[in-house]
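Data block for data-v7.txt (compact mmCIF, C-alpha atoms (C1' of nucleotides)):
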```txt
# COMPACT_ATOMS: atom_id res chain seq x y z
CA MET A 27 84.75 89.60 79.51
CA ALA A 28 88.46 89.14 79.98
CA SER A 29 89.57 85.52 79.92
CA LEU A 30 92.37 84.37 82.17
CA LYS A 31 95.84 83.88 80.81
CA TYR A 32 98.21 81.39 82.29
CA SER A 33 100.74 82.70 84.77
CA ARG A 34 103.38 80.77 86.68
CA GLN A 35 102.85 83.00 89.69
CA ARG A 36 99.17 82.11 89.90
CA GLU A 37 100.01 78.45 89.50
CA VAL A 38 102.52 78.56 92.36
CA ILE A 39 100.09 80.44 94.59
CA ARG A 40 97.48 77.82 93.91
CA GLU A 41 99.87 74.95 94.56
CA TYR A 42 100.88 76.49 97.85
CA LEU A 43 97.27 76.98 98.90
CA ASN A 44 96.49 73.36 98.08
CA SER A 45 99.54 72.09 99.94
CA THR A 46 98.70 73.58 103.32
CA THR A 47 95.90 73.43 105.88
CA ASP A 48 97.13 76.59 107.58
CA HIS A 49 94.48 78.89 106.11
CA PRO A 50 97.12 81.51 105.39
CA THR A 51 96.68 85.24 105.09
CA ALA A 52 97.82 86.99 101.92
CA ASP A 53 101.01 87.94 103.76
CA MET A 54 101.74 84.33 104.65
CA VAL A 55 101.17 83.28 101.04
CA TYR A 56 103.46 86.10 99.95
CA ALA A 57 106.23 84.97 102.33
CA ASN A 58 106.04 81.40 101.06
CA VAL A 59 105.74 82.10 97.37
CA ARG A 60 108.69 84.46 97.59
CA GLU A 61 110.91 81.45 98.08
CA ILE A 62 110.15 80.56 94.47
CA PHE A 63 109.55 84.04 93.05
CA PRO A 64 111.72 86.37 95.12
CA ASN A 65 110.44 89.40 93.22
CA ILE A 66 106.75 88.64 93.29
CA SER A 67 104.71 91.58 94.42
CA LEU A 68 102.22 91.50 97.27
CA GLY A 69 99.69 93.04 94.91
CA THR A 70 100.10 90.08 92.57
CA VAL A 71 99.43 87.73 95.45
CA TYR A 72 96.25 89.57 96.40
CA ARG A 73 95.03 89.79 92.82
CA ASN A 74 95.58 86.10 92.16
CA LEU A 75 94.08 84.98 95.43
CA ASN A 76 90.97 86.96 94.59
CA LEU A 77 90.95 85.55 91.06
CA LEU A 78 91.15 82.01 92.42
CA VAL A 79 88.24 82.78 94.74
CA ARG A 80 86.22 84.17 91.84
CA GLU A 81 86.98 81.01 89.86
CA GLY A 82 85.86 78.82 92.74
CA LYS A 83 89.33 77.34 93.20
CA ALA A 84 89.81 78.86 96.65
CA VAL A 85 87.74 80.31 99.43
CA LYS A 86 88.09 83.44 101.48
CA ILE A 87 87.46 82.94 105.17
CA ASP A 88 86.78 85.75 107.58
CA CYS A 89 87.30 84.75 111.18
CA GLY A 90 86.92 88.18 112.67
CA ASP A 91 90.67 88.48 112.45
CA VAL A 92 92.32 91.63 111.23
CA SER A 93 93.34 89.90 107.98
CA GLU A 94 91.45 87.77 105.55
CA ARG A 95 92.51 84.16 105.28
CA PHE A 96 92.42 81.87 102.25
CA ASP A 97 91.66 78.19 101.94
CA GLY A 98 92.40 75.84 99.07
CA ARG A 99 89.71 73.47 100.29
CA THR A 100 86.53 74.48 98.53
CA ASP A 101 84.12 71.85 99.76
CA ASN A 102 81.73 72.97 102.47
CA HIS A 103 83.34 72.60 105.89
CA TYR A 104 83.72 74.43 109.18
CA HIS A 105 86.60 76.18 110.89
CA PHE A 106 87.91 76.42 114.41
CA ILE A 107 90.00 79.31 115.75
CA CYS A 108 92.13 78.81 118.82
CA VAL A 109 91.79 81.67 121.31
CA ASP A 110 95.38 81.07 122.48
CA CYS A 111 97.46 80.59 119.32
CA ASN A 112 94.95 82.02 116.82
CA ARG A 113 95.53 79.14 114.44
CA VAL A 114 92.65 78.21 112.15
CA SER A 115 91.97 74.51 111.67
CA ASP A 116 89.43 72.41 109.83
CA LEU A 117 86.63 70.63 111.64
CA CYS A 118 85.03 67.40 110.59
CA ILE A 119 81.41 68.00 111.50
CA GLU A 120 78.18 66.56 110.26
CA SER A 121 75.76 68.87 108.50
CA ILE A 122 74.18 71.61 110.56
CA GLU A 123 72.13 72.96 107.68
CA HIS A 124 69.02 72.57 109.82
CA ILE A 125 69.93 75.74 111.70
CA ASN A 126 68.84 77.65 108.58
CA THR A 127 65.34 76.36 109.16
CA LEU A 128 65.49 77.31 112.83
CA ALA A 129 66.60 80.80 111.88
CA ALA A 130 63.84 81.14 109.30
CA ASN A 131 61.19 80.61 111.96
CA GLY A 132 59.15 83.80 112.16
CA PHE A 133 61.45 85.61 109.74
CA GLY A 134 59.83 87.19 106.71
CA GLY A 135 62.73 86.90 104.29
CA ASP A 136 64.61 84.02 102.71
CA ILE A 137 67.59 82.44 104.41
CA HIS A 138 70.13 81.17 101.92
CA GLY A 139 72.80 79.98 104.32
CA HIS A 140 75.00 80.77 107.26
CA LYS A 141 78.62 81.34 108.13
CA THR A 142 79.84 79.78 111.33
CA TYR A 143 83.15 79.42 112.98
CA PHE A 144 83.87 77.74 116.29
CA TYR A 145 86.34 78.99 118.81
CA GLY A 146 88.04 77.59 121.89
CA ARG A 147 91.39 76.05 122.76
CA CYS A 148 93.07 73.70 120.32
CA ALA A 149 94.45 70.32 121.38
CA GLU A 150 98.02 71.59 121.48
CA CYS A 151 97.32 74.71 123.54
CA LYS A 152 95.09 72.65 125.81
CA SER A 153 97.89 70.22 126.66
CA ASN A 154 100.42 73.05 126.99
CA ARG A 155 98.14 74.65 129.53
CA LEU A 156 97.73 71.43 131.50
CA GLN A 157 101.51 71.05 131.69
CA GLU A 158 101.94 74.62 132.93
CA GLU A 159 99.38 74.02 135.66
CA ASN A 160 101.36 71.01 136.88
CA GLU A 161 104.62 72.92 137.34
CA MET T 25 93.69 100.48 136.48
CA ALA T 26 92.13 103.62 135.18
CA SER T 27 88.53 104.10 136.18
CA LEU T 28 86.06 105.61 133.80
CA LYS T 29 85.01 109.19 134.19
CA TYR T 30 81.64 110.40 133.08
CA SER T 31 81.40 111.99 129.69
CA ARG T 32 78.35 113.34 127.94
CA GLN T 33 79.72 112.12 124.63
CA ARG T 34 79.90 108.52 125.84
CA GLU T 35 76.39 108.81 127.28
CA VAL T 36 74.97 110.06 123.99
CA ILE T 37 76.76 107.34 122.04
CA ARG T 38 75.30 104.75 124.36
CA GLU T 39 71.80 106.20 124.13
CA TYR T 40 72.00 106.14 120.37
CA LEU T 41 73.19 102.54 120.31
CA ASN T 42 70.33 101.53 122.59
CA SER T 43 67.77 103.40 120.52
CA THR T 44 68.42 101.62 117.25
CA THR T 45 68.35 98.10 115.87
CA ASP T 46 70.42 99.12 112.85
CA HIS T 47 73.71 97.63 114.08
CA PRO T 48 75.53 100.77 112.99
CA THR T 49 79.16 101.10 112.02
CA ALA T 50 81.34 103.63 113.85
CA ASP T 51 80.76 106.01 110.96
CA MET T 52 77.01 105.71 111.27
CA VAL T 53 77.22 106.37 115.00
CA TYR T 54 79.45 109.35 114.27
CA ALA T 55 76.96 110.78 111.77
CA ASN T 56 74.10 110.47 114.23
CA VAL T 57 75.85 111.71 117.34
CA ARG T 58 77.12 114.72 115.40
CA GLU T 59 73.58 116.04 115.41
CA ILE T 60 74.01 116.55 119.14
CA PHE T 61 77.76 117.17 119.32
CA PRO T 62 78.67 118.73 115.98
CA ASN T 63 82.35 118.83 116.95
CA ILE T 64 82.67 115.29 118.24
CA SER T 65 85.65 113.51 116.79
CA LEU T 66 85.50 110.16 115.02
CA GLY T 67 88.30 108.99 117.30
CA THR T 68 86.13 109.74 120.32
CA VAL T 69 83.36 107.64 118.81
CA TYR T 70 85.70 104.70 118.24
CA ARG T 71 87.26 104.97 121.69
CA ASN T 72 83.92 105.08 123.46
CA LEU T 73 82.39 102.30 121.41
CA ASN T 74 85.34 100.12 122.35
CA LEU T 75 85.04 101.18 126.00
CA LEU T 76 81.35 100.24 126.00
CA VAL T 77 82.23 96.85 124.53
CA ARG T 78 84.90 96.31 127.19
CA GLU T 79 82.34 97.21 129.86
CA GLY T 80 79.86 94.73 128.45
CA LYS T 81 77.38 97.48 127.53
CA ALA T 82 77.68 96.88 123.80
CA VAL T 83 78.82 94.21 121.43
CA LYS T 84 81.01 94.32 118.37
CA ILE T 85 79.71 92.29 115.47
CA ASP T 86 81.79 91.24 112.53
CA CYS T 87 79.71 90.21 109.56
CA GLY T 88 82.53 89.92 107.11
CA ASP T 89 81.76 93.46 106.10
CA VAL T 90 84.51 95.97 105.53
CA SER T 91 83.56 97.80 108.73
CA GLU T 92 82.87 96.61 112.24
CA ARG T 93 79.34 97.04 113.48
CA PHE T 94 78.10 97.70 116.98
CA ASP T 95 75.05 96.47 118.82
CA GLY T 96 73.50 97.83 122.01
CA ARG T 97 71.77 94.50 122.57
CA THR T 98 74.12 92.42 124.68
CA ASP T 99 72.07 89.28 125.23
CA ASN T 100 73.01 86.30 123.12
CA HIS T 101 71.23 86.44 119.78
CA TYR T 102 71.84 85.89 116.09
CA HIS T 103 72.12 88.18 113.12
CA PHE T 104 70.97 88.14 109.54
CA ILE T 105 72.63 90.03 106.69
CA CYS T 106 70.69 90.76 103.52
CA VAL T 107 72.69 90.02 100.39
CA ASP T 108 70.80 92.76 98.54
CA CYS T 109 70.65 95.73 100.91
CA ASN T 110 73.40 94.63 103.32
CA ARG T 111 71.28 95.54 106.31
CA VAL T 112 71.90 93.60 109.49
CA SER T 113 68.87 92.52 111.48
CA ASP T 114 68.18 90.52 114.60
CA LEU T 115 66.83 87.00 114.46
CA CYS T 116 64.63 85.37 117.03
CA ILE T 117 65.94 81.83 117.07
CA GLU T 118 65.91 79.09 119.63
CA SER T 119 69.21 77.92 121.05
CA ILE T 120 71.58 76.19 118.67
CA GLU T 121 74.24 75.59 121.30
CA HIS T 122 74.15 71.89 120.46
CA ILE T 123 76.25 72.57 117.36
CA ASN T 124 79.21 73.03 119.71
CA THR T 125 78.87 69.39 120.68
CA LEU T 126 78.61 68.35 117.05
CA ALA T 127 81.78 70.30 116.27
CA ALA T 128 83.63 68.79 119.22
CA ASN T 129 83.11 65.31 117.82
CA GLY T 130 86.55 63.88 117.06
CA PHE T 131 88.25 67.19 117.85
CA GLY T 132 91.05 67.09 120.40
CA GLY T 133 90.66 70.58 121.83
CA ASP T 134 87.93 72.39 123.75
CA ILE T 135 85.14 74.23 121.99
CA HIS T 136 83.98 77.26 123.94
CA GLY T 137 81.43 78.60 121.51
CA HIS T 138 80.69 79.69 117.99
CA LYS T 139 79.91 82.78 115.98
CA THR T 140 77.24 82.46 113.35
CA TYR T 141 75.47 84.82 111.07
CA PHE T 142 72.82 84.00 108.56
CA TYR T 143 72.51 85.53 105.15
CA GLY T 144 69.88 85.70 102.45
CA ARG T 145 67.26 88.16 101.25
CA CYS T 146 65.32 90.20 103.78
CA ALA T 147 61.54 90.51 103.69
CA GLU T 148 61.65 93.94 102.10
CA CYS T 149 64.12 93.07 99.34
CA LYS T 150 62.22 89.85 98.72
CA SER T 151 58.95 91.69 98.04
CA ASN T 152 60.73 94.36 95.99
CA ARG T 153 62.15 91.62 93.82
CA LEU T 154 58.74 90.00 93.35
CA GLN T 155 57.28 93.32 92.24
CA GLU T 156 60.07 93.87 89.71
CA GLU T 157 59.47 90.43 88.24
CA ASN T 158 55.82 91.28 87.67
CA GLU T 159 56.56 94.41 85.65
C1' DT D 7 83.99 125.83 147.16
C1' DC D 8 88.80 125.41 145.55
C1' DT D 9 92.49 122.55 144.00
C1' DA D 10 95.01 118.96 142.15
C1' DA D 11 95.12 114.57 139.95
C1' DA D 12 93.23 111.86 136.52
C1' DT D 13 90.62 111.00 132.50
C1' DA D 14 88.29 112.72 128.16
C1' DT D 15 88.16 115.46 124.22
C1' DA D 16 89.08 117.39 119.37
C1' DA D 17 92.17 117.54 115.95
C1' DT D 18 95.47 115.37 113.57
C1' DA D 19 98.95 112.00 112.37
C1' DA D 20 100.16 107.21 111.95
C1' DT D 21 99.28 102.41 110.91
C1' DG D 22 98.18 98.44 108.37
C1' DA D 23 95.47 95.72 105.14
C1' DT D 24 93.88 95.94 100.68
C1' DT D 25 93.25 97.90 96.12
C1' DA D 26 94.46 100.90 92.12
C1' DC D 27 97.71 102.58 88.74
C1' DT D 28 101.30 102.19 85.21
C1' DA D 29 105.10 101.05 82.38
C1' DT D 30 106.95 96.76 81.04
C1' DT D 31 106.75 91.75 80.22
C1' DA D 32 104.56 87.31 79.21
C1' DT D 33 100.97 84.69 76.97
C1' DT D 34 98.14 83.38 73.19
C1' DA D 35 95.58 83.27 68.88
C1' DT D 36 96.30 84.08 64.11
C1' DA P 13 106.52 86.20 63.78
C1' DT P 14 103.08 89.48 65.08
C1' DA P 15 99.54 91.79 67.18
C1' DA P 16 96.29 91.81 70.81
C1' DT P 17 95.50 91.06 75.44
C1' DA P 18 96.35 90.01 80.08
C1' DA P 19 99.85 89.71 83.94
C1' DT P 20 103.59 91.42 86.45
C1' DA P 21 106.55 94.37 89.69
C1' DG P 22 106.79 98.40 91.79
C1' DT P 23 104.59 101.97 93.75
C1' DA P 24 100.96 105.05 95.18
C1' DA P 25 96.35 105.53 96.93
C1' DT P 26 92.47 104.28 99.89
C1' DC P 27 90.02 103.38 103.88
C1' DA P 28 89.05 101.74 108.56
C1' DT P 29 91.01 102.02 112.78
C1' DT P 30 94.31 103.41 116.35
C1' DA P 31 97.81 106.50 118.43
C1' DT P 32 99.39 111.09 119.81
C1' DT P 33 98.98 115.47 122.03
C1' DA P 34 97.69 119.84 123.82
C1' DT P 35 93.61 121.43 126.05
C1' DA P 36 89.27 120.79 128.57
C1' DT P 37 86.25 118.09 132.01
C1' DT P 38 85.42 115.40 135.73
C1' DT P 39 86.02 114.06 140.38
C1' DA P 40 87.86 113.24 144.94
C1' DG P 41 89.58 115.47 148.82
C1' DA P 42 91.16 119.64 151.66
```
File written out as structure tokens:
Amino acid sequence: MASLKYSRQREVIREYLNSTTDHPTADMVYANVREIFPNISLGTVYRNLNLLVREGKAVKIDCGDVSERFDGRTDNHYHFICVDCNRVSDLCIESIEHINTLAANGFGGDIHGHKTYFYGRCAECKSNRLQEENE
Amino acid sequence: MASLKYSRQREVIREYLNSTTDHPTADMVYANVREIFPNISLGTVYRNLNLLVREGKAVKIDCGDVSERFDGRTDNHYHFICVDCNRVSDLCIESIEHINTLAANGFGGDIHGHKTYFYGRCAECKSNRLQEENE
DNA sequence: TCTAAATATAATAATGATTACTATTATTAT
DNA sequence: ATAATAATAGTAATCATTATTATATTTAGA
């Protein structure tokens, strides 16, 4: 199978992913990496993001949004999506692996895992809303 | 605002959705409804599916698949996706609403809810795999 | 029942995210 | 250095979904 060759573009994409907690879309990565490689192609961004995911150095997160998002954090954790600003943020939550067992109850197959995201209003949008109400 | 007018197409789409537990994509609905309305347009299927969702008579489910899926069951329940056959099935699981509280721990905003789907190997693919191993 | 206003349809075009293709360039092992 | 291989930029293609539009249906009211 083809082994990876070094590329500065991939390195910069990876550094950007690791430097942010924004869970950017490919387009957002493209916009940022273009500040270093003005001629980088969107296709290159997609290809490298997918390569990083395949290598286990990044994670693809699907929040029901129109675009995929990418995360440099690869340890198991959960995400929150704000219904107002649509931002995706990390949650610090204790294990909820037990829901796999609950789901397996009366189910004939094997449950390997689950994907969960939480939604609601983030701290910032919550306080913005409170201010608006008081005006 | 515009009020809905009756249409046989919408009725048939709804009947089909209610008759199946397959969680079909728009394309699958299209293929099935075409047996009754051979000239129905895919756009009509999409528009009516989205209307039904807006009316609360159907639910859109996003399982990280390339296509949206639709469900005639509108009560709160959970879904399972088989990693082998990709089929989506319903799970009978007791409430796991408490995970919202767990997620809210140390989080500044408000958590309204969560979306979860489980994945693994369905009963059928599991037994198929066992048979193959014994050959 | 007839009519007029409003919505729905079929057919088709447009959109937007993602992937595929290709000639050229960069990396790497020898 | 060289040859083999993978990566890139630029562009075209794909595919799910939505928008457009001329015509057909539905529906409320005379």
Q: Compute the chain D side of the contact with chain T at 9 Å, counting only C-alpha atoms (C1' of nucleotides), and hand it back as a list of chain:residue names.
A: D:DA12, D:DT13, D:DA14, D:DT15, D:DA16, D:DA17
Q: Give as a PyMOL selection string every residue of chain A that touches chain T within 8 Å, counting all atoms listed in the file.
A: chain A and resi 88+90+117-120+122+125-126+128-129+131-150+152
Q: Up to 8 Å from chain A, what residues of chain P turn up? Count all atoms listed in the file and give them as a VMD selection string.
A: chain P and resid 18 to 22
Fit chain A to chain T, using all C-alpha atoms paired in sequence order for the least-squares superposition, and then show me the result as a short mmCIF file (atom, residue, chain, number, x, y, z; two decimals) with C-alpha atoms, in the frame of the given file.
```cif
data_model
loop_
_atom_site.label_atom_id
_atom_site.label_comp_id
_atom_site.auth_asym_id
_atom_site.auth_seq_id
_atom_site.Cartn_x
_atom_site.Cartn_y
_atom_site.Cartn_z
CA MET A 27 93.81 100.43 136.50
CA ALA A 28 92.19 103.57 135.18
CA SER A 29 88.58 103.98 136.23
CA LEU A 30 86.09 105.51 133.85
CA LYS A 31 85.03 109.09 134.23
CA TYR A 32 81.65 110.28 133.14
CA SER A 33 81.42 111.90 129.73
CA ARG A 34 78.36 113.28 127.98
CA GLN A 35 79.70 112.06 124.66
CA ARG A 36 79.88 108.47 125.86
CA GLU A 37 76.40 108.76 127.31
CA VAL A 38 74.97 110.01 124.01
CA ILE A 39 76.76 107.29 122.05
CA ARG A 40 75.30 104.71 124.37
CA GLU A 41 71.81 106.16 124.14
CA TYR A 42 72.00 106.13 120.38
CA LEU A 43 73.18 102.53 120.32
CA ASN A 44 70.32 101.50 122.59
CA SER A 45 67.76 103.38 120.52
CA THR A 46 68.41 101.61 117.23
CA THR A 47 68.35 98.09 115.83
CA ASP A 48 70.41 99.12 112.82
CA HIS A 49 73.69 97.64 114.05
CA PRO A 50 75.53 100.77 112.97
CA THR A 51 79.16 101.12 112.00
CA ALA A 52 81.33 103.63 113.84
CA ASP A 53 80.76 106.03 110.94
CA MET A 54 77.00 105.75 111.25
CA VAL A 55 77.22 106.38 115.00
CA TYR A 56 79.46 109.36 114.27
CA ALA A 57 76.95 110.81 111.77
CA ASN A 58 74.10 110.50 114.25
CA VAL A 59 75.87 111.71 117.35
CA ARG A 60 77.12 114.72 115.44
CA GLU A 61 73.59 116.05 115.46
CA ILE A 62 74.02 116.54 119.20
CA PHE A 63 77.78 117.12 119.36
CA PRO A 64 78.70 118.73 116.05
CA ASN A 65 82.38 118.79 117.00
CA ILE A 66 82.72 115.26 118.28
CA SER A 67 85.68 113.49 116.80
CA LEU A 68 85.51 110.14 115.03
CA GLY A 69 88.32 108.97 117.29
CA THR A 70 86.15 109.70 120.32
CA VAL A 71 83.38 107.62 118.83
CA TYR A 72 85.70 104.68 118.24
CA ARG A 73 87.27 104.93 121.68
CA ASN A 74 83.92 105.04 123.45
CA LEU A 75 82.40 102.27 121.40
CA ASN A 76 85.34 100.08 122.32
CA LEU A 77 85.06 101.13 125.96
CA LEU A 78 81.38 100.20 125.99
CA VAL A 79 82.26 96.82 124.50
CA ARG A 80 84.93 96.28 127.15
CA GLU A 81 82.38 97.17 129.83
CA GLY A 82 79.88 94.70 128.40
CA LYS A 83 77.40 97.45 127.53
CA ALA A 84 77.68 96.87 123.78
CA VAL A 85 78.81 94.20 121.39
CA LYS A 86 81.00 94.30 118.34
CA ILE A 87 79.68 92.28 115.44
CA ASP A 88 81.76 91.25 112.48
CA CYS A 89 79.68 90.22 109.51
CA GLY A 90 82.50 89.91 107.05
CA ASP A 91 81.76 93.47 106.05
CA VAL A 92 84.52 95.97 105.50
CA SER A 93 83.56 97.80 108.71
CA GLU A 94 82.84 96.61 112.18
CA ARG A 95 79.31 97.06 113.43
CA PHE A 96 78.10 97.70 116.97
CA ASP A 97 75.04 96.49 118.81
CA GLY A 98 73.49 97.82 121.99
CA ARG A 99 71.74 94.51 122.56
CA THR A 100 74.08 92.43 124.67
CA ASP A 101 72.01 89.32 125.24
CA ASN A 102 72.96 86.33 123.12
CA HIS A 103 71.19 86.47 119.76
CA TYR A 104 71.82 85.92 116.07
CA HIS A 105 72.12 88.21 113.09
CA PHE A 106 70.96 88.15 109.51
CA ILE A 107 72.63 90.06 106.66
CA CYS A 108 70.69 90.78 103.51
CA VAL A 109 72.70 90.04 100.36
CA ASP A 110 70.79 92.79 98.51
CA CYS A 111 70.65 95.77 100.87
CA ASN A 112 73.39 94.65 103.29
CA ARG A 113 71.26 95.56 106.28
CA VAL A 114 71.88 93.62 109.48
CA SER A 115 68.83 92.54 111.45
CA ASP A 116 68.15 90.54 114.58
CA LEU A 117 66.82 87.01 114.44
CA CYS A 118 64.62 85.38 117.01
CA ILE A 119 65.95 81.84 117.03
CA GLU A 120 65.90 79.11 119.59
CA SER A 121 69.21 77.94 121.01
CA ILE A 122 71.59 76.21 118.65
CA GLU A 123 74.23 75.63 121.30
CA HIS A 124 74.16 71.94 120.45
CA ILE A 125 76.26 72.62 117.36
CA ASN A 126 79.21 73.10 119.74
CA THR A 127 78.87 69.47 120.71
CA LEU A 128 78.65 68.41 117.08
CA ALA A 129 81.80 70.38 116.32
CA ALA A 130 83.63 68.87 119.28
CA ASN A 131 83.15 65.38 117.89
CA GLY A 132 86.60 63.99 117.14
CA PHE A 133 88.28 67.29 117.96
CA GLY A 134 91.05 67.21 120.53
CA GLY A 135 90.64 70.70 121.94
CA ASP A 136 87.91 72.51 123.84
CA ILE A 137 85.13 74.33 122.05
CA HIS A 138 83.95 77.35 123.98
CA GLY A 139 81.41 78.69 121.52
CA HIS A 140 80.67 79.75 117.99
CA LYS A 141 79.91 82.83 115.96
CA THR A 142 77.22 82.50 113.35
CA TYR A 143 75.48 84.85 111.06
CA PHE A 144 72.80 83.99 108.53
CA TYR A 145 72.52 85.53 105.13
CA GLY A 146 69.88 85.70 102.42
CA ARG A 147 67.26 88.18 101.24
CA CYS A 148 65.32 90.21 103.77
CA ALA A 149 61.53 90.50 103.67
CA GLU A 150 61.64 93.94 102.08
CA CYS A 151 64.11 93.07 99.32
CA LYS A 152 62.23 89.84 98.71
CA SER A 153 58.96 91.67 98.03
CA ASN A 154 60.73 94.34 95.98
CA ARG A 155 62.13 91.60 93.81
CA LEU A 156 58.74 89.94 93.36
CA GLN A 157 57.26 93.26 92.23
CA GLU A 158 60.05 93.81 89.71
CA GLU A 159 59.46 90.36 88.25
CA ASN A 160 55.79 91.20 87.70
CA GLU A 161 56.48 94.33 85.65
#
```
Q: Rounded to one decimal place, report the CA of Leu75 (chain A)-CA of Val38 (chain A) distance in Å.
A: 11.0 Å
Q) When you draw a straight line from C1' of DT25 (chain D) to CA of Arg73 (chain A), how long is it in Å? A) 8.9 Å
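Straight-line separation from CA of Thr51 (chain A) to CA of Phe96 (chain A): 6.1 Å.
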Quick one: everything within 12 Å of DG22 (chain D), counting only C-alpha atoms (C1' of nucleotides), minus sequence neighbours fewer than 3 positions away in the same chain. Send it as a PDB file with C-alpha atoms (C1' of nucleotides), in the frame of the given file.
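result27.pdb was written with the following content:
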```pdb
ATOM      1  CA  ASP A  53     101.010  87.940 103.760  1.00  0.00           C
ATOM      2  CA  VAL A  92      92.320  91.630 111.230  1.00  0.00           C
ATOM      3  CA  SER A  93      93.340  89.900 107.980  1.00  0.00           C
TER       4      SER A  93
ATOM      5  C1'  DT P  26      92.470 104.280  99.890  1.00  0.00           C
ATOM      6  C1'  DC P  27      90.020 103.380 103.880  1.00  0.00           C
ATOM      7  C1'  DA P  28      89.050 101.740 108.560  1.00  0.00           C
ATOM      8  C1'  DT P  29      91.010 102.020 112.780  1.00  0.00           C
ATOM      9  C1'  DT P  30      94.310 103.410 116.350  1.00  0.00           C
TER      10       DT P  30
END
```
